[in-house]
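Visitor: Have a look at this one.
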Amino acid sequence: MRSTDATTQPGFPTQRGQAKESRRQALLSAAAALFAVNGFNRVSLEDLGSAAGVSGPAVYRHFPGKQAVLADLLVTVSQELLDGGREVVARTPDPASALRRLVEFQVDFALGKPDVIRVQDRDFSNLSEQDQSAVRALQLDYVEVWVGVLAKLHPDTGIAELRMRAHATFGLINSTPHSVRSHGRKMAARSARPLLESMALAALLVEAPQD
């Protein structure tokens with residue numbers, strides 16, 4: 001009896017499907033780098049294809065157009081952040097530990113994908129209204145993951161302030177990797193990471209001043 005390759009069984013990607021997904025991911029990586037440096041409007045499909053090692057027209061096999069590439073990039077990363085944040089909380093019942101791991105998770109993202117952060121900041125308006133709404137909804141849900149943990153650590157603090165703490169922390173973490181790469185000497189990730197994590201936790205846990 002002939003054995004069956006696992007990759008040909010239902011539920012397993014075929015070799016052709018794996019190759020197609022690999023090219024799609026290569027296009028998204030190229031898009032993040034090119035959009036971050038040049039801006040969405042100054043990058044053509046030919047530029048994307050060339051950077052990913054395919055022809056410009058071949059991009060259409062994966063995306064209907066350049067705006068769809070931008071949408072996939074930002075929607076996908078927003079979904080990954082939400083899924084990752086939820087997993088951290090689900091696996092870490094202690095709120096203090098969960099907060100620390102959320103910070104580590106966000107720092108990993110910021111140091112690992114600074115190009116995506118820059119694209120989000122600069123080219124969000126180039127998304128369609130539908131895609132903007134999708135990204136915002138995912139990001140709001142991600143904020144609420146943090147708020148749920150913070151509420152256990154600051155039980156007497158209002159939700160609005162907890163959301164402000166979360167947003168301020170994202171700003172701190174997400175902006176610093178870009179700034180240390182852009183001004184003066186570059187800071188190695190191994191040096192930036194503990195500093196970012198300590199500063200973020202301090203901002204999240206500090207007691208609010210009394211009126």
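Lettering and numbering for the structure tokens are positional, with chains as A, B, ... in the shown order, residues counted from 1 in each chain, and ligands counted from 1 in the shown order.
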List as JSON lines every residue of region 41-118 of chain A that is in contact with region 33-36 of chain A, defined as an atom at most 10 Å from one of its atoms (using only C-alpha atoms), together with the nearest atom pair and the distance in Å rounded to one decimal, sorted by chain and then rising number.
Guide:
```
{"residue": "A:Asn41", "atom": "CA", "partner": "A:Phe35", "partner_atom": "CA", "distance": 8.2}
{"residue": "A:Arg42", "atom": "CA", "partner": "A:Phe35", "partner_atom": "CA", "distance": 8.0}
{"residue": "A:Val43", "atom": "CA", "partner": "A:Phe35", "partner_atom": "CA", "distance": 6.7}
{"residue": "A:Ser44", "atom": "CA", "partner": "A:Leu34", "partner_atom": "CA", "distance": 9.6}
{"residue": "A:Asp47", "atom": "CA", "partner": "A:Leu34", "partner_atom": "CA", "distance": 8.2}
{"residue": "A:Leu48", "atom": "CA", "partner": "A:Leu34", "partner_atom": "CA", "distance": 7.6}
{"residue": "A:Ala51", "atom": "CA", "partner": "A:Leu34", "partner_atom": "CA", "distance": 8.5}
{"residue": "A:Leu70", "atom": "CA", "partner": "A:Phe35", "partner_atom": "CA", "distance": 8.8}
{"residue": "A:Lys113", "atom": "CA", "partner": "A:Ala33", "partner_atom": "CA", "distance": 9.6}
{"residue": "A:Pro114", "atom": "CA", "partner": "A:Ala36", "partner_atom": "CA", "distance": 8.7}
{"residue": "A:Asp115", "atom": "CA", "partner": "A:Ala36", "partner_atom": "CA", "distance": 5.3}
{"residue": "A:Val116", "atom": "CA", "partner": "A:Ala36", "partner_atom": "CA", "distance": 7.2}
{"residue": "A:Ile117", "atom": "CA", "partner": "A:Ala36", "partner_atom": "CA", "distance": 8.5}
{"residue": "A:Arg118", "atom": "CA", "partner": "A:Ala36", "partner_atom": "CA", "distance": 5.7}
```
Visitor: Measuring atom to atom with only C-alpha atoms, identify which of A:Arg163, A:His154, A:His62, A:Arg122 is nearest to Ala32 (chain A).
Guide: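 Closest to Ala32 (chain A), using only C-alpha atoms: A:Arg122.
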Visitor: Per DSSP on the backbone, what are the alpha helix (DSSP H) residues of region 37-101 of chain A, as a PyMOL selection string?
Guide: chain A and resi 37-38+45-52+66-91+95-101
Visitor: Could you state the separation of CA of Leu201 (chain A) and CA of Ala137 (chain A) in Å, given to one decimal place?
Guide: 25.1 Å
Visitor: For each of A:Ala168, A:Val145, A:Leu27, A:Ala71, take the minimum atom-to-atom distance to Val88 (chain A), counting only C-alpha atoms, then give the residue where this is smallest.
Guide: A:Val145
Visitor: For the interface of region 132-202 of chain A with region 94-97 of chain A (cut-off 8 Å, counting only C-alpha atoms), please tabulate each contacting residue of region 132-202 of chain A alongside its nearest pair of atoms and their separation in Å to one decimal, rows sorted by chain and increasing number, as JSON lines.
Guide:
```
{"residue": "A:Val149", "atom": "CA", "partner": "A:Pro95", "partner_atom": "CA", "distance": 5.6}
{"residue": "A:Leu150", "atom": "CA", "partner": "A:Pro95", "partner_atom": "CA", "distance": 7.6}
{"residue": "A:Lys152", "atom": "CA", "partner": "A:Pro95", "partner_atom": "CA", "distance": 6.5}
{"residue": "A:Leu153", "atom": "CA", "partner": "A:Pro95", "partner_atom": "CA", "distance": 6.8}
```
Visitor: For a quick check of understanding, using only C-alpha atoms, which of A:Arg91, A:Leu74, A:Lys20, A:Asp83 has the smallest distance to Arg61 (chain A)?
Guide: A:Lys20
Visitor: May I ask for the distance between CA of Glu207 (chain A) and CA of Leu172 (chain A), given in Å to one decimal place?
Guide: 18.0 Å
Visitor: To one decimal place in Å, what is the distance between CA of Val107 (chain A) and CA of Arg23 (chain A)?
Guide: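 Going from CA of Val107 (chain A) over to CA of Arg23 (chain A), I get 27.3 Å.
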Visitor: List as a list in words the protein and nucleic acid residues near Ala151 (chain A), meaning an atom at most 12 Å away when only C-alpha atoms are counted, but skip any in the same chain fewer than 3 places from it.
Guide: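 Returned residues: Pro95, Ala96, Leu99, Glu144, Val145, Trp146, Val147, Gly148, His154, Pro155, Asp156, Thr157, Gly158, Ile159, Ala160, Glu161, Leu162, Arg163, Arg165, Ala166, Leu204 and Leu205 of chain A.
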Visitor: Env of Leu73 (chain A): 9 Å cut, atoms = only C-alpha atoms, seq-sep filter 5 positions within chain, self excluded. Answer as a list in words.
Guide: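 That gives Leu28, Ser29, Ala31, Ala32, Ala68, Ser78 and Val116 of chain A.
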